[in-house]
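S.K.: My file is target24.cif. It has mmCIF, C-alpha atoms and all ligand atoms:
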```cif
data_work
#
loop_
_atom_site.label_atom_id
_atom_site.label_comp_id
_atom_site.auth_asym_id
_atom_site.auth_seq_id
_atom_site.Cartn_x
_atom_site.Cartn_y
_atom_site.Cartn_z
CA MET G 1 0.00 0.00 0.00
CA PRO G 2 1.45 3.42 -0.92
CA LEU G 3 1.77 6.08 1.76
CA SER G 4 -1.31 8.24 2.12
CA ASP G 5 -1.57 11.72 3.54
CA LYS G 6 -4.10 12.77 6.15
CA PHE G 7 -6.65 13.54 3.43
CA GLY G 8 -6.41 9.98 2.09
CA ARG G 9 -4.42 10.87 -1.02
CA ALA G 10 -1.97 8.13 -2.04
CA ILE G 11 1.49 9.53 -2.78
CA THR G 12 2.79 7.71 -5.85
CA ASP G 13 4.48 10.40 -7.91
CA LEU G 14 7.91 11.90 -7.18
CA ARG G 15 9.61 14.79 -8.97
CA ILE G 16 13.31 15.32 -8.47
CA SER G 17 15.05 18.51 -9.53
CA ILE G 18 18.69 17.66 -10.29
CA THR G 19 19.93 21.19 -10.86
CA ASP G 20 18.82 24.75 -10.19
CA ARG G 21 20.64 25.97 -13.31
CA CYS G 22 18.88 26.65 -16.61
CA ASN G 23 20.14 27.60 -20.08
CA TYR G 24 16.93 29.49 -20.91
CA LYS G 25 15.72 32.67 -19.26
CA CYS G 26 12.03 32.52 -20.05
CA VAL G 27 10.70 35.97 -19.34
CA TYR G 28 8.02 34.84 -16.89
CA CYS G 29 10.01 32.07 -15.20
CA ARG G 30 13.64 33.09 -14.79
CA THR G 31 13.72 36.83 -14.99
CA GLY G 32 17.46 37.19 -15.30
CA ASN G 33 17.61 38.89 -11.95
CA GLU G 34 18.10 35.57 -10.27
CA GLY G 35 20.22 32.73 -11.64
CA ALA G 36 20.67 29.48 -9.77
CA LEU G 37 19.98 30.07 -6.10
CA TYR G 38 20.40 26.57 -4.74
CA GLY G 39 23.10 23.93 -5.03
CA ASP G 40 22.72 20.38 -6.20
CA LEU G 41 23.69 16.99 -4.81
CA PRO G 42 25.68 14.01 -6.03
CA PHE G 43 23.44 11.69 -8.04
CA ALA G 44 24.01 8.96 -5.45
CA ASP G 45 22.09 11.10 -2.92
CA TYR G 46 19.07 11.57 -5.21
CA LEU G 47 19.21 7.86 -5.94
CA ARG G 48 19.12 6.96 -2.28
CA MET G 49 16.16 9.30 -1.72
CA ALA G 50 14.38 7.73 -4.71
CA ARG G 51 15.09 4.25 -3.39
CA VAL G 52 13.68 5.02 0.06
CA LEU G 53 10.64 6.72 -1.46
CA THR G 54 10.06 3.87 -3.89
CA GLY G 55 9.94 1.55 -0.90
CA LEU G 56 7.16 3.78 0.46
CA GLY G 57 4.98 3.46 -2.65
CA ILE G 58 6.34 5.83 -5.30
CA GLN G 59 5.62 4.46 -8.79
CA LYS G 60 6.58 7.36 -11.04
CA VAL G 61 9.71 9.50 -10.98
CA ARG G 62 9.99 12.64 -13.09
CA ILE G 63 13.41 14.24 -13.45
CA THR G 64 13.30 18.00 -13.73
CA GLY G 65 15.12 21.22 -12.87
CA GLY G 66 16.28 23.99 -13.61
CA GLU G 67 17.19 22.31 -16.87
CA PRO G 68 17.96 18.66 -16.12
CA LEU G 69 19.86 18.00 -19.35
CA LEU G 70 22.52 20.51 -18.26
CA ARG G 71 23.63 18.10 -15.58
CA LYS G 72 26.45 15.79 -16.66
CA GLY G 73 25.71 12.21 -15.69
CA VAL G 74 21.95 12.43 -16.16
CA VAL G 75 21.92 9.41 -18.50
CA GLU G 76 23.71 7.27 -15.94
CA PHE G 77 21.30 8.56 -13.27
CA VAL G 78 18.37 7.33 -15.38
CA ARG G 79 20.11 3.96 -15.79
CA GLN G 80 20.47 3.62 -12.01
CA LEU G 81 16.89 4.77 -11.36
CA ALA G 82 15.64 2.20 -13.85
CA LYS G 83 17.11 -0.57 -11.67
CA LEU G 84 14.78 0.36 -8.79
CA ARG G 85 11.50 -1.53 -8.44
CA THR G 86 8.24 -0.31 -7.00
CA ALA G 87 6.96 -1.81 -3.76
CA ASN G 88 4.99 -4.25 -5.98
CA GLY G 89 8.15 -5.30 -7.81
CA GLU G 90 7.30 -3.44 -11.00
CA ASP G 91 9.50 -1.15 -13.11
CA LEU G 92 9.43 2.53 -12.18
CA ASP G 93 7.78 4.85 -14.68
CA ILE G 94 10.62 7.31 -15.38
CA ALA G 95 9.92 10.59 -17.17
CA LEU G 96 11.78 13.84 -17.80
CA THR G 97 10.72 17.47 -18.17
CA THR G 98 13.08 19.57 -20.29
CA ASN G 99 13.23 22.68 -22.41
CA GLY G 100 14.49 20.37 -25.17
CA HIS G 101 17.49 22.50 -26.14
CA LEU G 102 19.94 19.60 -25.68
CA LEU G 103 17.50 16.78 -26.31
CA ALA G 104 18.21 15.85 -29.94
CA GLU G 105 21.55 14.26 -29.08
CA MET G 106 20.42 12.80 -25.77
CA ALA G 107 17.07 11.22 -26.65
CA GLN G 108 18.52 7.88 -27.74
CA PRO G 109 20.96 7.46 -24.81
CA LEU G 110 18.18 8.43 -22.38
CA LYS G 111 15.79 5.93 -23.95
CA ASP G 112 18.46 3.22 -23.84
CA ALA G 113 19.08 4.00 -20.17
CA GLY G 114 15.42 3.40 -19.31
CA LEU G 115 13.63 6.74 -19.72
CA ARG G 116 10.05 6.11 -20.81
CA ARG G 117 8.58 9.49 -21.59
CA VAL G 118 9.55 13.09 -22.10
CA THR G 119 7.73 16.40 -21.69
CA VAL G 120 9.15 19.37 -23.58
CA SER G 121 8.28 22.92 -22.56
CA MET G 122 7.56 25.29 -25.43
CA ASP G 123 5.57 28.50 -25.22
CA ALA G 124 5.42 29.44 -28.92
CA VAL G 125 5.63 27.62 -32.22
CA ASP G 126 7.24 30.40 -34.18
CA PRO G 127 11.00 30.83 -33.94
CA GLY G 128 11.04 34.62 -33.42
CA ARG G 129 8.50 34.60 -30.62
CA PHE G 130 10.22 31.59 -29.09
CA ALA G 131 13.52 33.48 -28.96
CA ARG G 132 11.88 36.51 -27.34
CA ILE G 133 10.30 34.34 -24.65
CA THR G 134 13.36 32.20 -23.88
CA ARG G 135 15.87 35.00 -24.47
CA VAL G 136 18.09 32.54 -26.32
CA PRO G 137 18.63 33.07 -30.05
CA ASP G 138 18.02 30.10 -32.37
CA GLY G 139 16.70 27.74 -29.72
CA TYR G 140 13.57 26.82 -31.64
CA ASP G 141 15.28 24.54 -34.15
CA ASN G 142 17.09 22.68 -31.38
CA VAL G 143 13.87 22.08 -29.50
CA LEU G 144 12.03 20.93 -32.61
CA ALA G 145 14.90 18.54 -33.37
CA GLY G 146 14.70 17.29 -29.78
CA ILE G 147 10.96 16.64 -30.07
CA ARG G 148 11.40 14.78 -33.34
CA ALA G 149 14.31 12.73 -32.01
CA SER G 150 12.23 11.76 -28.95
CA ARG G 151 9.42 10.52 -31.17
CA ARG G 152 11.86 8.65 -33.37
CA VAL G 153 13.45 6.77 -30.48
CA GLY G 154 10.09 5.91 -28.90
CA LEU G 155 9.96 8.20 -25.85
CA TRP G 156 6.21 7.89 -26.16
CA PRO G 157 4.03 9.87 -25.82
CA VAL G 158 5.99 13.08 -26.40
CA LYS G 159 4.17 15.84 -24.56
CA VAL G 160 4.70 19.50 -25.31
CA ASN G 161 3.71 21.87 -22.50
CA CYS G 162 2.80 25.48 -23.23
CA VAL G 163 2.14 27.99 -20.46
CA LEU G 164 -0.41 30.47 -21.73
CA MET G 165 -0.41 34.08 -20.59
CA ARG G 166 -2.93 36.71 -21.56
CA GLY G 167 -1.61 39.26 -24.05
CA PHE G 168 1.58 37.31 -24.41
CA ASN G 169 1.08 34.07 -26.28
CA GLU G 170 -2.62 33.23 -26.33
CA ASP G 171 -2.53 33.75 -30.11
CA GLN G 172 -0.48 30.52 -30.18
CA ILE G 173 -3.45 28.32 -29.27
CA VAL G 174 -4.47 27.43 -32.83
CA PRO G 175 -0.87 27.18 -34.13
CA PHE G 176 -0.22 24.70 -31.31
CA GLY G 177 -3.33 22.74 -32.38
CA MET G 178 -1.83 22.45 -35.86
CA PHE G 179 1.53 21.56 -34.35
CA ALA G 180 0.00 18.69 -32.35
CA ARG G 181 -1.46 17.24 -35.54
CA GLU G 182 1.57 17.77 -37.75
CA GLU G 183 4.20 16.57 -35.28
CA ASP G 184 2.05 13.84 -33.71
CA VAL G 185 2.67 15.04 -30.15
CA VAL G 186 0.34 15.69 -27.23
CA VAL G 187 0.15 19.46 -26.71
CA ARG G 188 -0.86 20.54 -23.22
CA PHE G 189 -1.76 24.07 -22.29
CA ILE G 190 -1.04 25.07 -18.71
CA GLU G 191 -2.71 27.90 -16.88
CA PHE G 192 -0.17 30.42 -15.61
CA MET G 193 0.29 30.12 -11.84
CA PRO G 194 1.62 32.64 -9.32
CA LEU G 195 5.01 30.91 -9.17
CA GLU G 196 7.01 33.36 -11.28
CA GLU G 197 10.06 35.31 -10.21
CA ASP G 198 8.77 38.79 -10.89
CA ARG G 199 5.36 38.46 -9.29
CA VAL G 200 3.58 39.58 -12.47
CA TRP G 201 0.71 37.13 -11.96
CA SER G 202 -2.82 38.40 -11.59
CA PRO G 203 -6.10 36.59 -12.32
CA ASN G 204 -6.26 38.51 -15.61
CA THR G 205 -3.02 36.95 -16.86
CA VAL G 206 -4.59 33.46 -16.77
CA VAL G 207 -6.12 32.09 -19.98
CA PRO G 208 -8.69 29.67 -18.52
CA LEU G 209 -9.61 26.20 -19.76
CA GLU G 210 -12.99 27.18 -21.28
CA GLU G 211 -11.42 29.96 -23.33
CA ILE G 212 -8.71 27.64 -24.68
CA LEU G 213 -11.37 25.14 -25.74
CA LEU G 214 -13.48 27.83 -27.42
CA ARG G 215 -10.54 29.25 -29.34
CA MET G 216 -9.41 25.82 -30.47
CA ALA G 217 -12.93 24.91 -31.55
CA GLU G 218 -12.85 27.82 -34.00
CA TYR G 219 -10.07 25.90 -35.73
CA ARG G 220 -11.49 22.36 -35.28
CA PRO G 221 -13.88 20.81 -32.76
CA LEU G 222 -12.42 18.91 -29.83
CA VAL G 223 -13.94 15.89 -28.12
CA GLU G 224 -13.11 15.18 -24.47
CA ILE G 225 -11.56 11.77 -23.76
CA PRO G 226 -11.28 10.08 -20.35
CA HIS G 227 -8.35 10.86 -18.07
CA ALA G 228 -7.04 9.04 -15.00
CA ARG G 229 -8.20 10.47 -11.68
CA SER G 230 -4.76 11.61 -10.60
CA GLU G 231 -3.90 12.96 -14.07
CA THR G 232 -3.49 16.70 -14.13
CA ALA G 233 -4.62 17.27 -17.73
CA ARG G 234 -8.15 17.23 -19.12
CA ARG G 235 -7.64 15.38 -22.38
CA HIS G 236 -9.22 16.13 -25.75
CA ARG G 237 -8.89 14.84 -29.31
CA PHE G 238 -9.78 16.64 -32.49
CA ASP G 239 -13.03 15.36 -34.00
CA ASP G 240 -11.21 13.40 -36.74
CA GLY G 241 -9.11 11.55 -34.11
CA VAL G 242 -5.84 13.22 -35.14
CA GLY G 243 -3.96 15.20 -32.48
CA GLU G 244 -4.39 15.29 -28.71
CA ILE G 245 -4.76 18.48 -26.68
CA GLY G 246 -4.56 18.48 -22.89
CA ILE G 247 -5.42 21.35 -20.62
CA ILE G 248 -3.90 21.65 -17.17
CA ALA G 249 -6.06 24.08 -15.28
CA PRO G 250 -4.80 24.36 -11.70
CA VAL G 251 -6.22 27.87 -11.38
CA SER G 252 -9.71 27.60 -12.87
CA HIS G 253 -10.25 23.88 -12.06
CA PRO G 254 -7.94 22.90 -9.18
CA PHE G 255 -7.15 19.20 -8.87
CA CYS G 256 -5.55 19.28 -5.40
CA GLY G 257 -8.03 16.67 -4.14
CA HIS G 258 -6.38 14.09 -6.42
CA CYS G 259 -2.79 15.25 -5.97
CA SER G 260 -0.42 12.30 -5.72
CA ARG G 261 2.85 14.25 -5.91
CA ILE G 262 5.76 15.23 -3.76
CA ARG G 263 8.92 16.98 -4.92
CA ILE G 264 12.58 16.96 -4.02
CA THR G 265 14.47 20.15 -4.80
CA SER G 266 17.99 20.16 -6.23
CA ASP G 267 19.36 20.79 -2.73
CA GLY G 268 17.50 17.86 -1.25
CA LYS G 269 14.45 19.44 0.40
CA ILE G 270 11.03 17.80 0.22
CA ARG G 271 8.17 20.01 -0.93
CA THR G 272 4.69 18.67 -0.44
CA CYS G 273 2.96 21.28 -2.66
CA LEU G 274 4.08 23.73 -5.35
CA PHE G 275 2.65 26.41 -3.07
CA SER G 276 4.31 25.28 0.13
CA VAL G 277 5.65 28.09 2.26
CA TRP G 278 8.28 25.82 3.79
CA ASP G 279 10.21 22.73 2.85
CA HIS G 280 11.59 19.72 4.72
CA ASP G 281 15.30 19.05 4.86
CA LEU G 282 15.71 15.43 3.80
CA HIS G 283 19.33 15.87 2.74
CA GLY G 284 20.21 17.45 6.09
CA ARG G 285 19.13 14.19 7.75
CA MET G 286 21.17 12.14 5.30
CA ARG G 287 24.21 14.28 5.99
CA ARG G 288 23.82 13.73 9.71
CA GLY G 289 23.93 9.96 9.13
CA ALA G 290 20.26 8.92 9.25
CA SER G 291 19.57 5.30 8.30
CA ASP G 292 17.12 4.41 5.52
CA GLU G 293 14.54 3.54 8.18
CA GLU G 294 14.95 6.95 9.81
CA LEU G 295 14.62 8.68 6.44
CA ALA G 296 11.46 6.69 5.72
CA GLU G 297 10.02 7.68 9.08
CA PHE G 298 10.84 11.34 8.44
CA ILE G 299 9.23 11.20 4.98
CA GLY G 300 6.12 9.56 6.44
CA GLY G 301 5.77 12.46 8.88
CA VAL G 302 6.35 15.06 6.16
CA ILE G 303 3.64 13.53 3.96
CA GLN G 304 1.14 13.99 6.78
CA LYS G 305 1.83 17.73 6.50
CA LYS G 306 0.89 17.88 2.80
CA GLU G 307 -1.32 20.89 2.21
CA GLU G 308 -4.98 20.21 1.49
CA ARG G 309 -5.08 22.63 -1.47
CA HIS G 310 -3.64 25.80 -2.90
CA HIS G 311 -5.23 29.20 -2.30
CA ILE G 312 -4.54 30.88 -5.64
CA GLY G 313 -6.69 33.97 -6.14
CA GLU G 314 -8.02 33.96 -2.55
CA PRO G 315 -7.46 36.83 -0.11
CA ASP G 316 -5.40 34.58 2.19
CA PHE G 317 -3.02 33.47 -0.61
CA VAL G 318 0.59 33.48 0.58
CA PRO G 319 3.22 33.19 -2.19
CA ALA G 320 5.25 29.99 -2.20
CA SER G 321 8.67 30.15 -0.60
CA ARG G 322 10.29 29.24 -3.96
CA THR G 323 9.36 30.04 -7.53
CA MET G 324 8.72 27.28 -10.09
CA VAL G 325 12.21 27.10 -11.53
CA HIS G 326 13.76 26.68 -8.08
CA ILE G 327 11.28 23.95 -7.11
CA GLY G 328 11.28 21.77 -10.20
CA GLY G 329 8.18 21.98 -12.35
N1 LIG B 401 13.75 23.42 -17.73
C1 LIG B 401 12.71 22.44 -17.76
C2 LIG B 401 11.61 22.84 -18.70
O1 LIG B 401 11.75 23.89 -19.34
O2 LIG B 401 10.64 22.10 -18.81
C3 LIG B 401 12.12 22.09 -16.40
C4 LIG B 401 11.84 23.19 -15.42
S1 LIG B 401 10.61 24.37 -15.91
C5 LIG B 401 10.53 25.39 -14.47
C6 LIG B 401 9.15 23.39 -15.84
C7 LIG B 401 7.89 23.99 -16.39
O3 LIG B 401 7.38 24.97 -15.50
C8 LIG B 401 8.01 24.69 -17.74
O4 LIG B 401 7.06 24.12 -18.61
C9 LIG B 401 7.62 26.11 -17.44
O5 LIG B 401 6.96 26.70 -18.53
C10 LIG B 401 6.69 25.91 -16.27
N2 LIG B 401 6.46 27.13 -15.49
C11 LIG B 401 7.36 28.01 -15.03
N3 LIG B 401 6.76 29.01 -14.34
C12 LIG B 401 5.43 28.73 -14.37
C13 LIG B 401 4.27 29.38 -13.85
N4 LIG B 401 4.37 30.52 -13.15
N5 LIG B 401 3.05 28.81 -14.06
C14 LIG B 401 2.96 27.66 -14.76
N6 LIG B 401 4.00 26.99 -15.27
C15 LIG B 401 5.23 27.52 -15.10
#
```
Show the structure stored in the file as structure tokens.

M.R.:
Amino acid sequence: MPLSDKFGRAITDLRISITDRCNYKCVYCRTGNEGALYGDLPFADYLRMARVLTGLGIQKVRITGGEPLLRKGVVEFVRQLAKLRTANGEDLDIALTTNGHLLAEMAQPLKDAGLRRVTVSMDAVDPGRFARITRVPDGYDNVLAGIRASRRVGLWPVKVNCVLMRGFNEDQIVPFGMFAREEDVVVRFIEFMPLEEDRVWSPNTVVPLEEILLRMAEYRPLVEIPHARSETARRHRFDDGVGEIGIIAPVSHPFCGHCSRIRITSDGKIRTCLFSVWDHDLHGRMRRGASDEELAEFIGGVIQKKEERHHIGEPDFVPASRTMVHIGG
């Protein structure tokens, strides 16, 4: 039985940030005022954390950052992770979230090492706009090559995540619909959350789920398809069956009641919610010589403190103690 929190939510999904560094400076995410703020750990430490957590019921591990592909040794890390088994003796479901800049060359080695799936972040499908958002010239072609390489080597399904912001890139909705069909990838739109460095979020900056659906329907009708309870995205297919569009709507349709996730930051802290105002120092305990049993006991206690829900848009909302890029999205 996986660990459950005090609200009865089973915790089966772990995200590990392996670096706080990033090679993109997306205007809403890493403002350029703040580079990496936190250190990272030897891979052996993340591996030990993953092993203890797997023993407690984790079934999926997503590697993230910062930009995880910047970290030398990531392929070997995947290979070691892939040797772990879930509490039921099954293979772990290992996934990676990346900006895709370095993915073209790494897709095959990652697949060979045991990576199953990849999610690539991309907030525009035209090269000029993409460069203005990421503040890196000529990144678009690299990312496109990374997406195509991932498909070719069978990192399936390839998901492309786009954060939509009002007045910024909402005109990309239909182009992304075409992109999903042409490139045979799952495009997922994500509502912008107040997790940015510059605190530019307001309710007006969010492009909500219903509006995305309406805009896309002007291009081609979408039909909703079933999604797993703990899945964050509402899934849709175009009416001719070609192209999948997901919408992740944590602001307009929160899914906290089904949240199965915990996160480990690059410096080895556990975060029980993206919007946590504190974190829990797992690595500190390791450094002080805790045994696996003591770590498991600590984690069990931390999971009982998992927040019931976020308070985005409410008068009592308190900003998270870290922004997205320093947590691991
Ligand atoms: N570098 C990797 C990447 O680009 O996917 C992993 C880290 S990045 C922080 C993970 C995801 O968080 C990206 O898709 C990014 O667009 C998203 N993100 C960053 N700030 C966000 C915000 N305020 N609201 C919603 N998503 C955000």

S.K.: Select the residues contacting ligand LIG 401 (chain B) at a distance of at most 6 Å, based on only C-alpha atoms and all ligand atoms, then format the selection as a list in words.

M.R.: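 Here is the list of contacting residues: Cys29, Thr64, Gly65, Gly66, Glu67, Thr97, Thr98, Asn99, Val120, Ser121, Asn161, Val163, Phe192, Met193, Pro194, Leu195, Glu196, Met324, Val325, Gly328 and Gly329 of chain G.
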
S.K.: CA of Asp20 in chain G and CA of Glu308 in chain G, how far apart in Å?

M.R.: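 Spanning CA of Glu308 in chain G to CA of Asp20 in chain G is a straight-line distance of 26.9 Å.
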
S.K.: Kindly provide, as a compact mmCIF listing (two decimals) with C-alpha atoms, in the coordinates of the input, the polymer residues lying within 10 Å of (5.8, 31.1, -21.8), counting all atoms listed in the file and using the coordinates exactly as they appear in the file.

M.R.:
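What ended up in point29.txt:
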```txt
# COMPACT_ATOMS: atom_id res chain seq x y z
CA CYS G 26 12.03 32.52 -20.05
CA VAL G 27 10.70 35.97 -19.34
CA TYR G 28 8.02 34.84 -16.89
CA CYS G 29 10.01 32.07 -15.20
CA SER G 121 8.28 22.92 -22.56
CA MET G 122 7.56 25.29 -25.43
CA ASP G 123 5.57 28.50 -25.22
CA ALA G 124 5.42 29.44 -28.92
CA ARG G 129 8.50 34.60 -30.62
CA PHE G 130 10.22 31.59 -29.09
CA ARG G 132 11.88 36.51 -27.34
CA ILE G 133 10.30 34.34 -24.65
CA THR G 134 13.36 32.20 -23.88
CA ASN G 161 3.71 21.87 -22.50
CA CYS G 162 2.80 25.48 -23.23
CA VAL G 163 2.14 27.99 -20.46
CA LEU G 164 -0.41 30.47 -21.73
CA MET G 165 -0.41 34.08 -20.59
CA PHE G 168 1.58 37.31 -24.41
CA ASN G 169 1.08 34.07 -26.28
CA GLU G 170 -2.62 33.23 -26.33
CA ILE G 190 -1.04 25.07 -18.71
CA PHE G 192 -0.17 30.42 -15.61
```

S.K.: Could you give me, as a VMD selection string, the residues within 8 Å of Ile225 in chain G, counting all atoms listed in the file and dropping anything in the same chain fewer than 2 positions from it?

M.R.: chain G and resid 223 227 234 to 237

S.K.: Between G:His280, G:His258, G:Ala290, G:Ala113, which has the minimum distance to Phe7 in chain G (counting all atoms listed in the file)?

M.R.: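 For Phe7 in chain G, the nearest of the given residues is G:His258.
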
S.K.: Please determine, counting only C-alpha atoms, which residue among G:Arg263, G:Arg21, G:Arg181, G:Arg152 has the shortest atom-to-atom distance to Val302 in chain G.

M.R.: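 Answer, going by the shortest atom-to-atom distance: G:Arg263.
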
S.K.: What does the structure give for the distance between CA of Phe77 in chain G and CA of Gly39 in chain G, in Å to one decimal?

M.R.: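 Here the two named atoms are 17.5 Å from each other.
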
S.K.: Using only C-alpha atoms, which residue out of G:Thr265, G:Thr86, G:Arg288, G:Cys259 lies closest to Glu307 in chain G?

M.R.: G:Cys259

S.K.: Can you work out the spacing between CA of Val136 in chain G and CA of Leu69 in chain G in Å, to one decimal?

M.R.: 16.2 Å

S.K.: For Trp201 in chain G, which residue among G:Gly313, G:Gly100, G:Gly154, G:Gly35 is the nearest when counting all atoms listed in the file?

M.R.: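 Of the candidates, the smallest distance to Trp201 in chain G is held by G:Gly313.
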
S.K.: Hey, what's within 10 Å of His311 in chain G if we count all atoms listed in the file and toss same-chain stuff fewer than 5 positions away? As a ChimeraX atom specification, please?

M.R.: /G:251,254,275,316-319

S.K.: Between G:His283, G:Pro208, G:Glu293, G:Pro2, which one has atoms that come closest to His253 in chain G, using only C-alpha atoms?

M.R.: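 Among the listed residues, G:Pro208 lies closest to His253 in chain G.
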
S.K.: Env of Arg220 in chain G: 10 Å cut, atoms = only C-alpha atoms, seq-sep filter 2 positions within chain, self excluded. Answer as a list in words.

M.R.: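 After dropping sequence-adjacent residues, the list is Val174, Gly177, Met178, Leu213, Leu214, Arg215, Met216, Ala217, Glu218, Leu222, Val223, Arg237, Phe238, Asp239 and Asp240 of chain G.
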
S.K.: Might I get the box with edges along x, y and z of the file that holds all atoms of range 172-184 of chain G listed there, padded by 4 Å on every side, given as centre and edge lengths in Å to one decimal, as AutoDock Vina command-line options?

M.R.:
```
--center_x -0.1 --center_y 22.2 --center_z -33.5 --size_x 16.7 --size_y 24.7 --size_z 16.5
```

S.K.: Mind listing whatever residues come within 12 Å of the point (26.9, 17.7, -12.9)? Use only C-alpha atoms, file coordinates, and give them as a PyMOL selection string.

M.R.: chain G and resi 18-21+39-44+67-77+266

S.K.: Which residue, G:Asn142, G:Val160, G:Ala131, G:Asp184, has the smallest gap to Gly241 in chain G when you use all atoms listed in the file?

M.R.: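 Checking each of G:Asn142, G:Val160, G:Ala131, G:Asp184 against Gly241 in chain G, counting all atoms listed in the file, the winner is G:Asp184.
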
S.K.: Give one line per residue of range 12-67 of chain G that approaches range 114-119 of chain G to at most 12 Å, naming the two atoms of the closest pair and their distance in Å to one decimal, counting all atoms listed in the file; sort by chain then ascending residue number and deliver it as a tab-separated table.

M.R.:
```
residue	atom	partner	partner_atom	distance
G:Lys60	CA	G:Arg116	CA	10.4
G:Val61	CA	G:Leu115	CA	10.0
G:Arg62	CA	G:Val118	CA	9.0
G:Ile63	CA	G:Val118	CA	9.5
G:Thr64	CA	G:Thr119	CA	9.8
```

S.K.: For those residues, write C-alpha atoms to a file as a short mmCIF file (atom, residue, chain, number, x, y, z; two decimals), keeping the file's coordinate frame.

M.R.:
```
data_model
loop_
_atom_site.label_atom_id
_atom_site.label_comp_id
_atom_site.auth_asym_id
_atom_site.auth_seq_id
_atom_site.Cartn_x
_atom_site.Cartn_y
_atom_site.Cartn_z
CA LYS G 60 6.58 7.36 -11.04
CA VAL G 61 9.71 9.50 -10.98
CA ARG G 62 9.99 12.64 -13.09
CA ILE G 63 13.41 14.24 -13.45
CA THR G 64 13.30 18.00 -13.73
#
```

S.K.: Within 7 Å of Ser321 in chain G, counting all atoms listed in the file, which residues show up once you throw out same-chain ones fewer than 5 positions away? Write them as a PyMOL selection string, please.

M.R.: chain G and resi 276-278
